[in-house]
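See below for query30.cif, which holds mmCIF, C-alpha atoms and all ligand atoms.
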data_work
#
loop_
_atom_site.label_atom_id
_atom_site.label_comp_id
_atom_site.auth_asym_id
_atom_site.auth_seq_id
_atom_site.Cartn_x
_atom_site.Cartn_y
_atom_site.Cartn_z
CA MET O 1 14.64 14.41 -16.23
CA SER O 2 14.54 10.93 -14.69
CA THR O 3 11.31 9.10 -15.42
CA THR O 4 12.31 6.58 -12.74
CA LEU O 5 12.25 9.26 -10.04
CA THR O 6 9.07 10.81 -11.41
CA ASN O 7 7.44 7.37 -11.40
CA LEU O 8 8.66 6.71 -7.85
CA ALA O 9 6.99 9.91 -6.65
CA LEU O 10 3.83 9.06 -8.59
CA GLU O 11 3.68 5.48 -7.33
CA LEU O 12 4.22 6.67 -3.74
CA ALA O 13 1.47 9.27 -4.15
CA THR O 14 -1.00 6.82 -5.70
CA GLY O 15 -0.19 3.96 -3.34
CA THR O 16 1.30 1.62 -5.94
CA ILE O 17 4.35 1.60 -3.69
CA THR O 18 3.72 1.04 0.03
CA ILE O 19 5.94 2.39 2.82
CA VAL O 20 6.41 0.00 5.76
CA ASP O 21 7.93 1.39 8.96
CA LEU O 22 10.53 -1.05 10.31
CA THR O 23 11.20 1.16 13.35
CA ALA O 24 10.24 0.54 16.98
CA THR O 25 9.05 3.55 19.00
CA LEU O 26 11.91 5.00 21.05
CA GLU O 27 10.85 5.47 24.68
CA PRO O 28 12.34 5.10 28.18
CA SER O 29 11.20 1.47 28.33
CA THR O 30 13.00 0.59 25.06
CA PRO O 31 15.12 -2.48 25.91
CA THR O 32 18.90 -2.09 25.77
CA LEU O 33 21.66 -4.65 25.39
CA GLN O 34 22.58 -6.47 28.61
CA LEU O 35 26.19 -7.70 28.47
CA PRO O 36 27.51 -10.32 30.94
CA GLU O 37 27.74 -8.51 34.30
CA GLU O 38 30.83 -10.32 35.53
CA MET O 39 32.90 -8.78 32.71
CA ASN O 40 32.54 -5.20 34.03
CA TRP O 41 32.14 -3.88 30.47
CA GLY O 42 30.64 -0.43 30.01
CA VAL O 43 26.89 0.08 30.00
CA SER O 44 24.80 1.65 27.25
CA TRP O 45 22.43 4.39 28.51
CA PRO O 46 18.75 3.66 28.06
CA PHE O 47 16.66 6.30 26.27
CA HIS O 48 16.02 9.23 28.61
CA ILE O 49 13.75 12.15 27.76
CA GLU O 50 12.92 15.36 29.65
CA GLU O 51 10.46 18.00 28.64
CA ILE O 52 11.97 21.50 28.17
CA SER O 53 8.65 23.27 27.72
CA ARG O 54 5.12 22.60 26.50
CA TYR O 55 3.33 25.88 25.70
CA ASP O 56 3.83 26.95 29.31
CA ASP O 57 5.89 29.35 31.41
CA ARG O 58 9.07 27.55 30.28
CA GLY O 59 8.21 28.43 26.68
CA PRO O 60 4.75 29.83 25.98
CA ALA O 61 4.53 28.94 22.28
CA TRP O 62 6.66 25.84 21.92
CA TYR O 63 6.96 22.18 22.92
CA TRP O 64 10.33 20.41 22.90
CA ASN O 65 12.38 17.80 24.79
CA ASN O 66 15.94 16.95 25.70
CA PHE O 67 16.96 13.34 25.28
CA LYS O 68 20.00 11.12 25.71
CA CYS O 69 20.77 7.48 24.99
CA GLY O 70 23.50 5.12 23.84
CA GLU O 71 24.24 5.11 20.12
CA HIS O 72 23.01 1.49 20.03
CA THR O 73 19.51 2.02 21.41
CA GLY O 74 16.26 0.74 19.93
CA THR O 75 16.06 0.40 16.16
CA HIS O 76 19.59 1.42 15.23
CA PHE O 77 22.45 1.37 12.74
CA ASP O 78 25.87 -0.26 13.38
CA ALA O 79 28.82 1.24 11.46
CA PRO O 80 32.05 -0.71 10.75
CA ILE O 81 33.98 1.46 13.24
CA HIS O 82 31.80 -0.07 16.00
CA TRP O 83 34.05 -3.13 16.17
CA VAL O 84 37.81 -3.48 16.70
CA SER O 85 37.96 -5.57 13.51
CA GLY O 86 36.61 -2.63 11.46
CA GLN O 87 38.67 0.11 13.05
CA ASP O 88 41.23 0.55 10.24
CA TYR O 89 38.85 1.17 7.32
CA GLU O 90 38.34 4.64 5.92
CA ASN O 91 34.88 6.22 5.87
CA HIS O 92 33.64 3.66 8.38
CA ALA O 93 31.76 5.92 10.82
CA THR O 94 28.25 7.40 10.81
CA ASP O 95 29.49 10.75 9.43
CA THR O 96 31.79 9.34 6.74
CA LEU O 97 30.04 6.21 5.41
CA SER O 98 28.97 6.43 1.77
CA THR O 99 25.33 7.48 1.61
CA ALA O 100 24.91 4.67 -0.96
CA ASN O 101 24.69 2.34 2.05
CA PHE O 102 21.57 4.10 3.28
CA ILE O 103 19.20 3.24 0.39
CA ALA O 104 19.46 -0.33 -0.87
CA PRO O 105 17.42 -3.44 -1.74
CA ALA O 106 16.67 -6.08 0.89
CA CYS O 107 16.55 -9.86 0.94
CA VAL O 108 14.41 -11.15 3.80
CA ILE O 109 15.25 -14.57 5.22
CA ASP O 110 12.42 -16.01 7.27
CA ALA O 111 13.61 -18.10 10.20
CA SER O 112 10.62 -17.25 12.42
CA ALA O 113 9.55 -20.89 12.81
CA GLU O 114 13.09 -21.97 13.77
CA ALA O 115 13.46 -19.07 16.24
CA ALA O 116 10.09 -19.91 17.82
CA ALA O 117 11.21 -23.52 18.31
CA ASN O 118 14.69 -22.58 19.58
CA PRO O 119 15.54 -19.13 21.01
CA ASP O 120 19.26 -19.87 20.48
CA PHE O 121 18.76 -20.64 16.77
CA LEU O 122 21.82 -19.74 14.67
CA LEU O 123 21.41 -18.99 10.97
CA SER O 124 23.70 -21.22 8.89
CA VAL O 125 25.12 -21.34 5.35
CA PRO O 126 22.86 -24.29 4.36
CA PHE O 127 19.81 -22.30 5.56
CA ILE O 128 20.85 -19.34 3.37
CA GLU O 129 21.57 -21.64 0.41
CA ALA O 130 18.12 -23.21 0.74
CA TRP O 131 16.63 -19.68 0.72
CA GLU O 132 18.62 -18.82 -2.41
CA LYS O 133 17.39 -21.99 -4.13
CA GLU O 134 13.85 -20.74 -3.67
CA HIS O 135 14.32 -16.98 -4.22
CA GLY O 136 17.52 -16.63 -6.27
CA GLU O 137 20.96 -15.48 -5.21
CA ILE O 138 21.40 -12.60 -2.77
CA GLU O 139 22.61 -9.69 -4.91
CA ALA O 140 25.75 -7.73 -3.99
CA GLY O 141 24.83 -4.42 -2.37
CA SER O 142 21.71 -5.81 -0.66
CA TRP O 143 20.78 -5.73 2.98
CA VAL O 144 19.98 -9.19 4.36
CA LEU O 145 17.16 -8.94 6.90
CA TYR O 146 16.86 -11.87 9.29
CA ARG O 147 13.20 -12.39 10.19
CA THR O 148 12.67 -14.09 13.54
CA ASP O 149 9.44 -12.32 14.64
CA TRP O 150 11.43 -11.48 17.81
CA SER O 151 10.07 -7.90 17.64
CA LYS O 152 6.61 -9.35 18.34
CA LYS O 153 7.59 -10.52 21.84
CA PRO O 154 5.05 -9.06 24.26
CA SER O 155 7.47 -7.76 26.93
CA ASN O 156 11.09 -6.70 27.48
CA GLU O 157 11.52 -9.85 29.56
CA THR O 158 10.55 -12.20 26.76
CA TYR O 159 12.37 -10.00 24.20
CA LEU O 160 15.73 -10.06 26.03
CA ASN O 161 15.02 -13.57 27.40
CA MET O 162 17.67 -13.26 30.13
CA GLN O 163 18.49 -16.46 32.00
CA GLU O 164 21.13 -17.14 34.63
CA ASP O 165 23.70 -17.52 31.83
CA GLY O 166 22.69 -14.40 29.85
CA GLY O 167 20.34 -13.66 26.98
CA HIS O 168 18.82 -16.32 24.77
CA THR O 169 17.97 -14.80 21.39
CA PRO O 170 18.75 -15.95 17.83
CA GLY O 171 21.95 -15.16 15.95
CA TRP O 172 24.45 -16.40 13.41
CA GLU O 173 26.88 -19.18 12.79
CA PRO O 174 30.20 -17.44 12.01
CA SER O 175 30.41 -19.16 8.59
CA ALA O 176 27.04 -17.67 7.59
CA VAL O 177 28.30 -14.16 8.37
CA ASN O 178 31.45 -14.77 6.32
CA PHE O 179 29.36 -16.17 3.47
CA LEU O 180 27.19 -13.03 3.31
CA ALA O 181 30.10 -10.61 3.71
CA GLU O 182 32.64 -12.29 1.41
CA LYS O 183 30.69 -14.42 -1.09
CA ARG O 184 27.64 -12.18 -1.42
CA ASP O 185 29.15 -8.75 -0.67
CA VAL O 186 26.05 -7.51 1.15
CA ILE O 187 25.83 -4.01 2.67
CA GLY O 188 25.15 -5.68 5.99
CA VAL O 189 22.56 -7.58 7.95
CA GLY O 190 19.50 -6.42 9.86
CA VAL O 191 17.85 -8.23 12.75
CA GLU O 192 14.80 -7.95 15.02
CA THR O 193 16.74 -8.60 18.22
CA VAL O 194 18.44 -6.05 20.52
CA GLY O 195 21.80 -6.55 18.75
CA THR O 196 22.93 -8.20 15.51
CA ASP O 197 24.49 -11.12 17.43
CA ALA O 198 22.89 -13.95 19.40
CA GLY O 199 22.15 -13.51 23.09
CA GLN O 200 24.86 -16.07 23.82
CA ALA O 201 27.36 -14.58 21.33
CA ALA O 202 29.93 -13.62 24.01
CA GLY O 203 30.66 -17.35 24.16
CA GLN O 204 30.87 -17.95 20.39
CA ASP O 205 34.17 -18.30 18.53
CA PRO O 206 34.97 -15.60 17.56
CA MET O 207 33.03 -13.75 20.25
CA PHE O 208 30.16 -11.72 18.76
CA PRO O 209 30.78 -13.23 15.30
CA CYS O 210 28.33 -11.02 13.41
CA HIS O 211 29.94 -7.86 14.76
CA ASN O 212 33.47 -9.23 14.39
CA LEU O 213 33.14 -10.60 10.86
CA MET O 214 30.65 -8.13 9.33
CA HIS O 215 32.45 -5.02 10.57
CA GLY O 216 35.78 -6.74 9.86
CA ALA O 217 34.62 -6.85 6.23
CA ASN O 218 33.62 -3.13 6.35
CA LYS O 219 29.92 -4.02 6.43
CA CYS O 220 27.11 -2.48 8.47
CA GLY O 221 24.31 -3.67 10.73
CA LEU O 222 20.74 -2.84 11.66
CA ALA O 223 19.29 -3.99 14.99
CA GLY O 224 15.91 -3.75 16.67
CA LEU O 225 13.92 -3.86 13.41
CA CYS O 226 10.23 -4.73 13.38
CA ASN O 227 7.55 -5.58 10.80
CA LEU O 228 9.88 -7.82 8.78
CA ASP O 229 6.88 -10.16 8.36
CA LEU O 230 5.32 -7.52 6.09
CA LEU O 231 8.18 -7.66 3.57
CA PRO O 232 8.57 -9.87 0.50
CA ALA O 233 11.60 -12.18 0.31
CA LYS O 234 12.92 -9.87 -2.44
CA GLY O 235 11.72 -6.59 -3.91
CA ALA O 236 11.75 -4.16 -0.98
CA VAL O 237 14.09 -1.15 -0.83
CA ILE O 238 15.37 -0.09 2.60
CA ILE O 239 15.98 3.52 3.65
CA ALA O 240 18.14 3.54 6.79
CA PRO O 241 20.41 6.56 7.31
CA PRO O 242 22.02 6.91 10.76
CA LEU O 243 22.38 10.31 12.43
CA LYS O 244 25.54 12.05 11.20
CA ILE O 245 27.34 11.81 14.54
CA LYS O 246 31.02 12.76 14.08
CA GLN O 247 32.97 9.49 14.26
CA GLY O 248 29.81 7.80 15.54
CA SER O 249 29.78 4.00 15.91
CA GLY O 250 26.06 3.91 15.12
CA SER O 251 22.85 5.69 15.96
CA PRO O 252 19.16 5.23 16.43
CA ALA O 253 17.57 5.37 12.98
CA ARG O 254 14.15 5.60 11.37
CA VAL O 255 14.16 2.60 9.04
CA LEU O 256 11.64 2.44 6.20
CA ALA O 257 10.94 -0.14 3.51
CA LEU O 258 9.43 0.66 0.11
CA LEU O 259 7.66 -2.23 -1.59
CA PRO O 260 5.20 -2.90 -4.38
CA SER O 261 1.72 -2.70 -2.85
CA GLU O 262 0.68 -6.19 -3.96
CA ALA O 263 3.69 -7.77 -2.08
CA PRO O 264 4.48 -10.11 -0.47
C1 LIG R 1 28.62 -4.01 22.04
C2 LIG R 1 29.03 -5.26 22.43
C3 LIG R 1 28.29 -6.37 22.09
C4 LIG R 1 27.15 -6.21 21.33
C5 LIG R 1 26.73 -4.93 20.91
C6 LIG R 1 27.48 -3.85 21.29
C7 LIG R 1 25.49 -4.76 20.09
O1 LIG R 1 24.70 -5.63 19.95
C8 LIG R 1 25.22 -3.52 19.36
O2 LIG R 1 24.16 -2.90 19.53
O3 LIG R 1 26.02 -3.14 18.51
S1 LIG R 1 26.21 -7.64 20.89
MN MN R 2 24.46 -1.89 17.64
#
Can you dump the structure from the file as structure tokens?
Amino acid sequence: MSTTLTNLALELATGTITIVDLTATLEPSTPTLQLPEEMNWGVSWPFHIEEISRYDDRGPAWYWNNFKCGEHTGTHFDAPIHWVSGQDYENHATDTLSTANFIAPACVIDASAEAAANPDFLLSVPFIEAWEKEHGEIEAGSWVLYRTDWSKKPSNETYLNMQEDGGHTPGWEPSAVNFLAEKRDVIGVGVETVGTDAGQAAGQDPMFPCHNLMHGANKCGLAGLCNLDLLPAKGAVIIAPPLKIKQGSGSPARVLALLPSEAP
């Protein structure tokens, strides 16, 4: 009998451990990724929902809905198979990934001030090293969650921040992604923005560096997270299993964080 598991259940029941929901509500107005129009790339379906019945003549005793959406809609999981650079790994899709990826500790890097000052802010290696100086090294097998407070934007317009030249939302310097994947061996990175890359990432070298380099290192992603401001820099445990879509590239996910109640 594991006293650790017994204590976990007890501490959840008594409120010593708090559960924070990092998930945005999935609804038809949920913003979806807008790729450069001139490229003629495919389009991700927004969330669509239709009532089947609601205790009525279509089903007198039951309420249920049909829904459809792109795999990468709202708060969602990115699997390594999502990117061309990750295509040759084994067990790299939503149905085959090791379930060990789905429950793991998190390091939360706060760049909310920088993102407020500059919507095109790119997280760099020196920024991560300064964080590590304060909080200790990022442990292998952690998620790195990139706090920008972007999920607090009051509208889809300000959230996607589309200008003539595309979206303007924070992202990563390629070297920072390599640092986390190779030097720190993280599970992946999670962000508050619509995708794990910057709004202007189609023009970075390599294009979409977080996708390219993270998935190229067989790592995962989480996008569209919220409530990262409620997490401690270290000490939270993330629960983020994607739907078990056969050979899925990702899926909407309910993402939860467990943390000691006195944190942060
Ligand atoms: C496809 C192409 C570019 C991007 C994305 C998907 C995502 O952000 C995503 O949700 O994986 S940037
Ligand atoms: Mn995605």
Point to revise | Close residues, Ser142 (chain O) itself excluded, 6 Å, all atoms listed in the file, min 5 positions apart in chain, as an NGL selection string | key: :O and (104-106 or 186-187)
Point to revise | Surrounding residues as a PyMOL selection string, ligand LIG 1 (chain R), max 9 Å, only C-alpha atoms and all ligand atoms | key: chain O and resi 32-35+41-42+44+71-74+76-79+82-83+193-199+201-202+207-208+210-211+221-224+249-250
Check your understanding: Interatomic distance between CA of Asp165 (chain O) and CA of Glu37 (chain O)?
Key ->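 Distance reported for this atom pair: 10.2 Å.
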Exercise for review: Give me, please, the distance in Å between CA of Phe121 (chain O) and CA of Trp143 (chain O), quoted to one decimal.
Suggested key: 20.4 Å
Check your understanding: How far is it from CA of Gly216 (chain O) to CA of Gln204 (chain O), in Å with one decimal?
Key -> 16.1 Å
Point to revise | Counting all atoms listed in the file, the residue of O:Leu97, O:Leu256, O:Ile81, O:Ile17 that sits nearest ligand MN 2 (chain R) | key: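 Of O:Leu97, O:Leu256, O:Ile81, O:Ile17, the one nearest ligand MN 2 (chain R), counting all atoms listed in the file, is O:Ile81.
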Practice item. Just the residues within 9 Å of Pro232 (chain O), please, counting only C-alpha atoms, with nothing from its chain fewer than 2 positions along; format it as a VMD selection string. Key: chain O and resid 106 to 108 228 to 230 234 to 236 259 263 to 264
Output the selection as a CSV table (one decimal), keeping the file's coordinate frame - C-alpha atoms for each residue.
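Result file result-v2.csv:
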chain,number,residue,atom,x,y,z
O,106,ALA,CA,16.7,-6.1,0.9
O,107,CYS,CA,16.6,-9.9,0.9
O,108,VAL,CA,14.4,-11.2,3.8
O,228,LEU,CA,9.9,-7.8,8.8
O,229,ASP,CA,6.9,-10.2,8.4
O,230,LEU,CA,5.3,-7.5,6.1
O,234,LYS,CA,12.9,-9.9,-2.4
O,235,GLY,CA,11.7,-6.6,-3.9
O,236,ALA,CA,11.8,-4.2,-1.0
O,259,LEU,CA,7.7,-2.2,-1.6
O,263,ALA,CA,3.7,-7.8,-2.1
O,264,PRO,CA,4.5,-10.1,-0.5
Practice item. Check the smallest atom-to-atom distance from each of O:Val20, O:Val191, O:Leu231, O:Ile128 to ligand MN 2 (chain R) using all atoms listed in the file, then report the winner. Key: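 With all atoms listed in the file as the atom set, the closest residue is O:Val191.
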Point to revise | Spatial neighbours of Trp150 (chain O), max dist 12 Å, only C-alpha atoms, sep filter under 5 positions, as JSON, numbers by chain | key: {"O": [110, 111, 112, 113, 114, 115, 116, 118, 119, 120, 121, 155, 156, 157, 158, 159, 160, 161, 168, 169, 170, 171, 191, 192, 193, 194, 195, 198, 223, 224, 225, 226, 227, 228, 229]}
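Using all atoms listed in the file, the smallest distance between any of O:Leu10, O:Ile245, O:Ala61, O:Ala253 and ligand MN 2 (chain R) comes from O:Ala253.
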Practice item. Tell me, as a ChimeraX atom specification, which residues lie within 9 Å of region 63-68 of chain O, counting only C-alpha atoms; anything in the same chain fewer than 6 positions away does not count. Key: /O:45-56
Exercise for review: Using only C-alpha atoms and all ligand atoms, find the one residue out of O:Met39, O:Leu213, O:Ala100, O:Cys220 that sits nearest to ligand MN 2 (chain R).
Suggested key: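 Once distances to ligand MN 2 (chain R) are computed over only C-alpha atoms and all ligand atoms, the minimum belongs to O:Cys220.
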Review point. Could you pull the residues within 7 Å of Asp95 (chain O), counting only C-alpha atoms, minus those fewer than 6 positions along the same chain, as JSON, numbers by chain?
Key: {"O": [244, 245, 246, 247, 248]}
Check your understanding: Quick one: of O:Thr75, O:Thr25, O:Val43, O:Leu8, who's nearest to ligand MN 2 (chain R), counting all atoms listed in the file?
Key ->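 Smallest distance to ligand MN 2 (chain R) is found for O:Thr75.
Distances here use only C-alpha atoms and all ligand atoms; by that measure, the residue among O:Pro154, O:Ser261, O:Asn40, O:Pro242 closest to ligand MN 2 (chain R) is O:Pro242.
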Once 4 Å is added on each side, what centre and edge lengths in Å to one decimal does the axis-aligned box around all listed atoms of region 29-36 of chain O have, as lines of an AutoDock Vina configuration file?
center_x = 19.4
center_y = -4.4
center_z = 28.0
size_x = 24.3
size_y = 19.8
size_z = 13.9
Missing atoms in region 136-147 of chain O should be modelled up to all heavy atoms and reported as a PDB file, in the frame of the given file.
ATOM      1  N   GLY O 136      16.417 -17.160  -5.457  1.00  0.00           N
ATOM      2  CA  GLY O 136      17.520 -16.630  -6.270  1.00  0.00           C
ATOM      3  C   GLY O 136      18.616 -16.087  -5.382  1.00  0.00           C
ATOM      4  O   GLY O 136      18.411 -15.822  -4.188  1.00  0.00           O
ATOM      5  N   GLU O 137      19.778 -15.879  -5.984  1.00  0.00           N
ATOM      6  CA  GLU O 137      20.960 -15.480  -5.210  1.00  0.00           C
ATOM      7  C   GLU O 137      20.773 -14.096  -4.589  1.00  0.00           C
ATOM      8  O   GLU O 137      20.072 -13.239  -5.136  1.00  0.00           O
ATOM      9  CB  GLU O 137      22.179 -15.471  -6.152  1.00  0.00           C
ATOM     10  CG  GLU O 137      23.480 -15.698  -5.414  1.00  0.00           C
ATOM     11  CD  GLU O 137      24.639 -15.991  -6.366  1.00  0.00           C
ATOM     12  OE1 GLU O 137      24.773 -17.159  -6.795  1.00  0.00           O
ATOM     13  OE2 GLU O 137      25.399 -15.050  -6.657  1.00  0.00           O
ATOM     14  N   ILE O 138      21.368 -13.910  -3.433  1.00  0.00           N
ATOM     15  CA  ILE O 138      21.400 -12.600  -2.770  1.00  0.00           C
ATOM     16  C   ILE O 138      22.336 -11.698  -3.565  1.00  0.00           C
ATOM     17  O   ILE O 138      23.510 -12.028  -3.757  1.00  0.00           O
ATOM     18  CB  ILE O 138      21.873 -12.756  -1.310  1.00  0.00           C
ATOM     19  CG1 ILE O 138      20.836 -13.546  -0.502  1.00  0.00           C
ATOM     20  CG2 ILE O 138      22.155 -11.393  -0.682  1.00  0.00           C
ATOM     21  CD1 ILE O 138      21.360 -14.089   0.824  1.00  0.00           C
ATOM     22  N   GLU O 139      21.818 -10.570  -4.065  1.00  0.00           N
ATOM     23  CA  GLU O 139      22.610  -9.690  -4.910  1.00  0.00           C
ATOM     24  C   GLU O 139      23.599  -8.871  -4.076  1.00  0.00           C
ATOM     25  O   GLU O 139      23.283  -8.451  -2.959  1.00  0.00           O
ATOM     26  CB  GLU O 139      21.707  -8.724  -5.691  1.00  0.00           C
ATOM     27  CG  GLU O 139      20.815  -9.395  -6.728  1.00  0.00           C
ATOM     28  CD  GLU O 139      19.469  -9.839  -6.190  1.00  0.00           C
ATOM     29  OE1 GLU O 139      19.227  -9.709  -4.960  1.00  0.00           O
ATOM     30  OE2 GLU O 139      18.655 -10.334  -6.994  1.00  0.00           O
ATOM     31  N   ALA O 140      24.777  -8.639  -4.631  1.00  0.00           N
ATOM     32  CA  ALA O 140      25.750  -7.730  -3.990  1.00  0.00           C
ATOM     33  C   ALA O 140      25.082  -6.378  -3.778  1.00  0.00           C
ATOM     34  O   ALA O 140      24.266  -5.937  -4.586  1.00  0.00           O
ATOM     35  CB  ALA O 140      26.980  -7.586  -4.870  1.00  0.00           C
ATOM     36  N   GLY O 141      25.406  -5.736  -2.653  1.00  0.00           N
ATOM     37  CA  GLY O 141      24.830  -4.420  -2.370  1.00  0.00           C
ATOM     38  C   GLY O 141      23.439  -4.479  -1.754  1.00  0.00           C
ATOM     39  O   GLY O 141      22.769  -3.461  -1.653  1.00  0.00           O
ATOM     40  N   SER O 142      23.005  -5.682  -1.338  1.00  0.00           N
ATOM     41  CA  SER O 142      21.710  -5.810  -0.660  1.00  0.00           C
ATOM     42  C   SER O 142      21.924  -5.797   0.862  1.00  0.00           C
ATOM     43  O   SER O 142      22.978  -6.183   1.353  1.00  0.00           O
ATOM     44  CB  SER O 142      21.043  -7.150  -0.982  1.00  0.00           C
ATOM     45  OG  SER O 142      20.894  -7.343  -2.357  1.00  0.00           O
ATOM     46  N   TRP O 143      20.887  -5.407   1.564  1.00  0.00           N
ATOM     47  CA  TRP O 143      20.780  -5.730   2.980  1.00  0.00           C
ATOM     48  C   TRP O 143      20.194  -7.142   3.089  1.00  0.00           C
ATOM     49  O   TRP O 143      19.309  -7.506   2.292  1.00  0.00           O
ATOM     50  CB  TRP O 143      19.811  -4.782   3.704  1.00  0.00           C
ATOM     51  CG  TRP O 143      20.368  -3.449   4.057  1.00  0.00           C
ATOM     52  CD1 TRP O 143      20.142  -2.269   3.409  1.00  0.00           C
ATOM     53  CD2 TRP O 143      21.216  -3.131   5.176  1.00  0.00           C
ATOM     54  NE1 TRP O 143      20.800  -1.249   4.037  1.00  0.00           N
ATOM     55  CE2 TRP O 143      21.466  -1.749   5.126  1.00  0.00           C
ATOM     56  CE3 TRP O 143      21.804  -3.887   6.206  1.00  0.00           C
ATOM     57  CZ2 TRP O 143      22.262  -1.103   6.068  1.00  0.00           C
ATOM     58  CZ3 TRP O 143      22.602  -3.239   7.140  1.00  0.00           C
ATOM     59  CH2 TRP O 143      22.827  -1.870   7.068  1.00  0.00           C
ATOM     60  N   VAL O 144      20.652  -7.930   4.040  1.00  0.00           N
ATOM     61  CA  VAL O 144      19.980  -9.190   4.360  1.00  0.00           C
ATOM     62  C   VAL O 144      19.276  -8.998   5.697  1.00  0.00           C
ATOM     63  O   VAL O 144      19.914  -8.679   6.713  1.00  0.00           O
ATOM     64  CB  VAL O 144      20.977 -10.365   4.426  1.00  0.00           C
ATOM     65  CG1 VAL O 144      20.309 -11.593   5.049  1.00  0.00           C
ATOM     66  CG2 VAL O 144      21.461 -10.700   3.023  1.00  0.00           C
ATOM     67  N   LEU O 145      17.965  -9.121   5.681  1.00  0.00           N
ATOM     68  CA  LEU O 145      17.160  -8.940   6.900  1.00  0.00           C
ATOM     69  C   LEU O 145      16.734 -10.316   7.395  1.00  0.00           C
ATOM     70  O   LEU O 145      16.178 -11.117   6.641  1.00  0.00           O
ATOM     71  CB  LEU O 145      15.951  -8.049   6.602  1.00  0.00           C
ATOM     72  CG  LEU O 145      16.284  -6.685   5.975  1.00  0.00           C
ATOM     73  CD1 LEU O 145      15.021  -5.854   5.801  1.00  0.00           C
ATOM     74  CD2 LEU O 145      17.317  -5.918   6.803  1.00  0.00           C
ATOM     75  N   TYR O 146      17.015 -10.551   8.647  1.00  0.00           N
ATOM     76  CA  TYR O 146      16.860 -11.870   9.290  1.00  0.00           C
ATOM     77  C   TYR O 146      15.576 -11.833  10.095  1.00  0.00           C
ATOM     78  O   TYR O 146      15.526 -11.282  11.192  1.00  0.00           O
ATOM     79  CB  TYR O 146      18.094 -12.065  10.165  1.00  0.00           C
ATOM     80  CG  TYR O 146      18.225 -13.307  11.004  1.00  0.00           C
ATOM     81  CD1 TYR O 146      17.377 -14.399  10.893  1.00  0.00           C
ATOM     82  CD2 TYR O 146      19.278 -13.382  11.921  1.00  0.00           C
ATOM     83  CE1 TYR O 146      17.556 -15.519  11.683  1.00  0.00           C
ATOM     84  CE2 TYR O 146      19.474 -14.493  12.714  1.00  0.00           C
ATOM     85  CZ  TYR O 146      18.606 -15.560  12.595  1.00  0.00           C
ATOM     86  OH  TYR O 146      18.793 -16.663  13.384  1.00  0.00           O
ATOM     87  N   ARG O 147      14.514 -12.420   9.513  1.00  0.00           N
ATOM     88  CA  ARG O 147      13.200 -12.390  10.190  1.00  0.00           C
ATOM     89  C   ARG O 147      13.121 -13.511  11.223  1.00  0.00           C
ATOM     90  O   ARG O 147      13.290 -14.688  10.897  1.00  0.00           O
ATOM     91  CB  ARG O 147      12.075 -12.555   9.163  1.00  0.00           C
ATOM     92  CG  ARG O 147      10.722 -12.639   9.827  1.00  0.00           C
ATOM     93  CD  ARG O 147       9.591 -12.841   8.858  1.00  0.00           C
ATOM     94  NE  ARG O 147       8.421 -13.294   9.600  1.00  0.00           N
ATOM     95  CZ  ARG O 147       7.373 -13.880   9.067  1.00  0.00           C
ATOM     96  NH1 ARG O 147       7.322 -14.069   7.748  1.00  0.00           N
ATOM     97  NH2 ARG O 147       6.378 -14.270   9.826  1.00  0.00           N
TER      98      ARG O 147
END
